[in-house]
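Below is one structure; the comments refer to it alone.
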Amino acid sequence: MNEELSNQEFNFSPIFDSAFLYEMYENDYQYVEEIFSTTNEGFQADFEAIKKAFDQQDLATLKKAVHKMKPAMGFVGLLALQEQCQNFEQECAAKQEFKEIIINYHTLLVGLTTANEKIAEEITRLHSFNNL
Amino acid sequence: MKKLLKKLPGFIHSITYKEPGSMTCVIVEDLQVAADYLARCCEKSGELEVKGHFTNVQEALPYLNQVTIDLLFLDVEMPGASGFELLDQLAYHPKVILTTSKTEYAYNAFEYKVTDFLKKPFTYQRFQEALQKVKAAQPEITEGNTEDDHIFIKTDGKLVRLQNNDILYIESMGDYVKFITAEKKYITHNTMKKLEEKISKDHFLKVHRSYIVNINKIADIRENMLFIKGVEIPISKAHKAEVLKRLNIV
């Protein structure tokens with residue numbers, strides 16, 4: 001990337017908290033791409049762990065699996081989703097019956113699935129930006 | 001240091017740089033992106049040498065009980081044992097910065113006397129604030145700290161008590177120091193600079209950048225050499241005046 005372009009700000013997609021990402025990583029978009037890529041690489045295993053715990057109706061393991069996913073979403077600026085994970089984690093700890101978390105689980109699952117797609121798209125956008 | 005920690009869970013590695021006077025640290029964190037980010041913060045600070053990254057307590061503990069580090073970045077919730085369980089089993093107490101995404105651990109953090117608590121994700125500025133707290137914190141009771149008449153050193157995976165009166169002299173070996181007593185030699189991971197701050201000033205005196213001697217063990221001095229139990233120890237020009245000042249010359 002030439003010097004002129006290196007001073008440009010990358011426009012993150014609206015789902016990501018751009019103010020937070022600028023604060024975290026300043027304008028080091030090579031590093032942001034790396035952070036997004038690392039998150040993307042770890043996503044599937046963590047996502048599967050969540051689904052497996054749910055299928056086994058194991059609230060304690062489900063809580064742990066969501067706990068691990070939570071900061072990963074934070075590092076890529078998906079702060080609302082991070083908070084959603086936090087709330088769901090607390091719900092897993094508080095609820096006695098598995099059926100009580102089912103609706104919110106499915107809501108979370110939709111959020112995470114969308115996040116996975118958006119992270120992958122953003123990596124492509126960042127990669128193009130960094131290789132201009 | 002891009003990708004330095006990537007795909008190396010549990011693998012011990014060293015970063016190639018080391019600033020003079022830098023602190024050593026270990027990262028125990030199961031989230032790869034968080035470990036990478038922490039390592040980058042450490043590098044950016046120019047004050048921390050990352051000695052290793054572990055993704056769980058079981059792998060970290062044997063390593064941590066064999067080396068002495070200054071600072072531990074520790075996640076709390078990890079597969080298997082928790083970060084607090086690791087602290088329970090450590091043979092010594094480095095400074096600890098907890099890295100977690102739960103503020104509920106603040107009370108435990110206080111109980112375990114951790115230096116700071118970083119809620120993930122955190123900015124580099126927040127990281128720096130935590131590092132300043134580490135630097136400002138008083139030394140813990142650990143390797144090199146002294147009571148009135150003795151010192152504890154970590155060697156061969158255990159803490160050994162040495163009476164000040166038993167130590168003849170201390171010799172620098174780069175990142176290690178050697179304690180020489182009449183019976184035995186002990187090698188421990190430490191630097192002369194750190195040791196100087198901790199040892200009893202009443203008993204010991206630095207005579208050369210590589211030597212600290214027990215004043216009471218000096219047999220004689222000839223020009224720029226002193227002798228302890230027949231061993232010649234150089235006195236540097238920079239330290240000679242202080243040596244002569246401390247001796248009881250009549």
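Ligands are numbered from 1 in the order shown, residues from 1 within each chain, and chains are lettered A, B, ... in the order they appear in the structure tokens.
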
Handout entry: Spatial neighbours of Phe36 of chain A, max dist 12 Å, only C-alpha atoms, sep filter under 3 positions, as a ChimeraX atom specification
Key = /A:12,16,21,25,29-33,39-43,72-78,115-127 /B:32-34,36-37

Selected residues written out, N, CA and C atoms, as a CSV table (one decimal), in the first residue's frame:
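Wrote selection_26.csv, looks like this:
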```csv
chain,number,residue,atom,x,y,z
A,12,PHE,N,-15.4,0.6,7.7
A,12,PHE,CA,-15.9,-0.7,8.2
A,12,PHE,C,-17.4,-0.8,7.8
A,16,PHE,N,-20.1,-3.4,12.2
A,16,PHE,CA,-18.9,-3.3,13.1
A,16,PHE,C,-18.9,-1.9,13.7
A,21,LEU,N,-13.1,0.2,16.7
A,21,LEU,CA,-12.0,-0.4,16.0
A,21,LEU,C,-10.9,0.6,15.7
A,25,TYR,N,-7.2,-0.3,17.2
A,25,TYR,CA,-6.1,-0.6,16.3
A,25,TYR,C,-5.5,0.6,15.5
A,29,TYR,N,-4.4,-1.3,9.4
A,29,TYR,CA,-5.4,-2.2,8.8
A,29,TYR,C,-4.8,-3.6,8.5
A,30,GLN,N,-3.5,-3.6,8.3
A,30,GLN,CA,-2.9,-5.0,8.1
A,30,GLN,C,-3.2,-5.8,9.4
A,31,TYR,N,-3.0,-5.1,10.5
A,31,TYR,CA,-3.2,-5.8,11.8
A,31,TYR,C,-4.7,-6.1,12.0
A,32,VAL,N,-5.5,-5.2,11.6
A,32,VAL,CA,-7.0,-5.4,11.7
A,32,VAL,C,-7.4,-6.7,10.9
A,33,GLU,N,-6.8,-6.7,9.7
A,33,GLU,CA,-7.1,-7.9,8.9
A,33,GLU,C,-6.6,-9.2,9.6
A,39,THR,N,-9.8,-14.4,14.2
A,39,THR,CA,-11.2,-14.6,14.8
A,39,THR,C,-11.9,-15.6,13.9
A,40,ASN,N,-11.8,-15.3,12.6
A,40,ASN,CA,-12.6,-16.2,11.6
A,40,ASN,C,-12.1,-17.6,11.7
A,41,GLU,N,-10.8,-17.8,11.9
A,41,GLU,CA,-10.2,-19.2,11.9
A,41,GLU,C,-10.7,-19.9,13.2
A,42,GLY,N,-10.8,-19.2,14.3
A,42,GLY,CA,-11.3,-19.9,15.5
A,42,GLY,C,-12.8,-20.0,15.6
A,43,PHE,N,-13.5,-19.3,14.8
A,43,PHE,CA,-14.9,-19.2,14.9
A,43,PHE,C,-15.6,-20.5,14.9
A,72,ALA,N,-14.2,-12.8,21.6
A,72,ALA,CA,-13.7,-12.9,20.2
A,72,ALA,C,-14.6,-11.9,19.4
A,73,MET,N,-15.9,-11.8,19.7
A,73,MET,CA,-16.7,-10.8,19.0
A,73,MET,C,-16.3,-9.4,19.3
A,74,GLY,N,-15.9,-9.2,20.6
A,74,GLY,CA,-15.5,-7.9,21.0
A,74,GLY,C,-14.2,-7.4,20.2
A,75,PHE,N,-13.3,-8.3,20.0
A,75,PHE,CA,-12.1,-7.9,19.3
A,75,PHE,C,-12.3,-7.5,17.9
A,76,VAL,N,-13.4,-7.9,17.3
A,76,VAL,CA,-13.7,-7.4,15.9
A,76,VAL,C,-14.8,-6.4,15.9
A,77,GLY,N,-15.0,-5.8,17.0
A,77,GLY,CA,-15.9,-4.6,17.1
A,77,GLY,C,-17.4,-5.0,17.0
A,78,LEU,N,-17.8,-6.2,17.2
A,78,LEU,CA,-19.2,-6.6,17.3
A,78,LEU,C,-19.7,-6.5,18.7
A,115,ALA,N,-22.7,-12.9,12.1
A,115,ALA,CA,-21.4,-12.3,12.4
A,115,ALA,C,-20.3,-13.1,11.6
A,116,ASN,N,-20.4,-14.4,11.5
A,116,ASN,CA,-19.5,-15.2,10.8
A,116,ASN,C,-19.4,-14.8,9.3
A,117,GLU,N,-20.5,-14.6,8.7
A,117,GLU,CA,-20.6,-14.1,7.3
A,117,GLU,C,-19.9,-12.7,7.1
A,118,LYS,N,-20.3,-11.8,8.0
A,118,LYS,CA,-19.8,-10.5,7.9
A,118,LYS,C,-18.3,-10.4,8.2
A,119,ILE,N,-17.8,-11.2,9.1
A,119,ILE,CA,-16.4,-11.2,9.4
A,119,ILE,C,-15.7,-11.6,8.1
A,120,ALA,N,-16.2,-12.7,7.5
A,120,ALA,CA,-15.5,-13.2,6.3
A,120,ALA,C,-15.5,-12.1,5.2
A,121,GLU,N,-16.7,-11.5,5.0
A,121,GLU,CA,-16.7,-10.4,4.0
A,121,GLU,C,-15.8,-9.3,4.3
A,122,GLU,N,-15.7,-8.9,5.6
A,122,GLU,CA,-14.8,-7.8,6.0
A,122,GLU,C,-13.3,-8.2,5.7
A,123,ILE,N,-13.0,-9.4,5.9
A,123,ILE,CA,-11.6,-9.8,5.6
A,123,ILE,C,-11.3,-9.6,4.2
A,124,THR,N,-12.2,-9.9,3.3
A,124,THR,CA,-12.0,-9.7,1.9
A,124,THR,C,-11.9,-8.2,1.6
A,125,ARG,N,-12.7,-7.4,2.2
A,125,ARG,CA,-12.7,-6.0,1.9
A,125,ARG,C,-11.4,-5.4,2.5
A,126,LEU,N,-11.0,-5.8,3.7
A,126,LEU,CA,-9.7,-5.4,4.3
A,126,LEU,C,-8.5,-5.8,3.4
A,127,HIS,N,-8.6,-7.0,2.9
A,127,HIS,CA,-7.5,-7.5,2.1
A,127,HIS,C,-7.3,-6.7,0.8
B,32,GLN,N,-7.1,-17.4,21.0
B,32,GLN,CA,-6.0,-17.0,20.2
B,32,GLN,C,-5.9,-15.6,19.9
B,33,VAL,N,-7.0,-15.0,19.5
B,33,VAL,CA,-7.0,-13.6,19.1
B,33,VAL,C,-6.6,-12.7,20.3
B,34,ALA,N,-7.0,-13.1,21.5
B,34,ALA,CA,-6.6,-12.3,22.7
B,34,ALA,C,-5.2,-12.4,23.0
B,36,ASP,N,-2.8,-13.1,20.8
B,36,ASP,CA,-2.0,-12.4,19.8
B,36,ASP,C,-2.0,-10.9,20.1
B,37,TYR,N,-3.2,-10.4,20.5
B,37,TYR,CA,-3.3,-9.0,20.8
B,37,TYR,C,-2.4,-8.6,22.0
```

Practice task
Write out as JSON, numbers by chain the residues lying within 6 Å of Lys119 of chain B, counting only C-alpha atoms and excluding same-chain residues fewer than 5 positions away.
Solution key: {"B": [99, 100, 101]}

Using only all heavy atoms, please write the residues we just selected to a file, as a compact mmCIF listing (two decimals), in the first residue's frame.
```
# COMPACT_ATOMS: atom_id res chain seq x y z
N THR B 99 -6.77 -11.26 32.63
CA THR B 99 -7.41 -10.85 31.37
C THR B 99 -8.67 -11.69 31.25
O THR B 99 -8.60 -12.89 31.07
CB THR B 99 -6.49 -11.09 30.17
OG1 THR B 99 -6.20 -12.48 30.10
CG2 THR B 99 -5.21 -10.30 30.26
N THR B 100 -9.78 -11.05 31.38
CA THR B 100 -11.04 -11.80 31.32
C THR B 100 -12.12 -10.90 30.74
O THR B 100 -11.92 -9.70 30.60
CB THR B 100 -11.42 -12.33 32.72
OG1 THR B 100 -12.66 -13.03 32.63
CG2 THR B 100 -11.56 -11.20 33.72
N SER B 101 -13.22 -11.49 30.40
CA SER B 101 -14.31 -10.67 29.88
C SER B 101 -15.43 -10.56 30.91
O SER B 101 -16.51 -10.09 30.62
CB SER B 101 -14.84 -11.28 28.58
OG SER B 101 -15.10 -12.64 28.76
```

Problem - Residues of chain A in alpha helix (DSSP H), written as a PyMOL selection string - result: chain A and resi 3-6+18-25+29-55+59-75+79-94+102-130

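Between atom CA of Tyr176 of chain B and atom CA of Lys237 of chain B lies a distance of 23.8 Å.
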
Problem - Exercise: segment 69-75 of chain B partners within 7 Å, only C-alpha atoms, chain neighbours under 5 positions left out, as an NGL selection string - result: :B and (23-29 or 83 or 94-100)

Deliver the residues from the most recent selection as a file, using C-alpha atoms, as a PDB file, in the first residue's frame.
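Result file follows (result.pdb):
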```
ATOM      1  CA  MET B  23      10.471  -7.708  32.301  1.00  0.00           C
ATOM      2  CA  THR B  24       9.689 -11.264  31.354  1.00  0.00           C
ATOM      3  CA  CYS B  25       6.127 -12.429  31.065  1.00  0.00           C
ATOM      4  CA  VAL B  26       3.995 -15.408  30.121  1.00  0.00           C
ATOM      5  CA  ILE B  27       0.522 -15.357  28.587  1.00  0.00           C
ATOM      6  CA  VAL B  28      -1.988 -17.978  29.705  1.00  0.00           C
ATOM      7  CA  GLU B  29      -5.016 -17.449  27.489  1.00  0.00           C
ATOM      8  CA  GLY B  83      -6.591 -19.166  36.274  1.00  0.00           C
ATOM      9  CA  PRO B  94       4.921 -13.098  39.955  1.00  0.00           C
ATOM     10  CA  LYS B  95       2.881  -9.984  39.338  1.00  0.00           C
ATOM     11  CA  VAL B  96      -0.414 -10.970  37.771  1.00  0.00           C
ATOM     12  CA  ILE B  97      -2.695  -9.143  35.364  1.00  0.00           C
ATOM     13  CA  LEU B  98      -5.984 -10.931  34.878  1.00  0.00           C
ATOM     14  CA  THR B  99      -7.412 -10.847  31.375  1.00  0.00           C
ATOM     15  CA  THR B 100     -11.036 -11.799  31.316  1.00  0.00           C
TER      16      THR B 100
END
```

Practice task
Looking only at strand (DSSP E) from DSSP on the backbone, list the matching residues of segment 106-167 of chain B as a PyMOL selection string.
Solution key: chain B and resi 116-119+150-155+158-163+167

Practice task
Between A:Leu79, A:Ile101, A:Ile15, A:Ala94, single out the one closest to chain B, counting only C-alpha atoms.
Solution key: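 The closest residue to chain B is A:Leu79.
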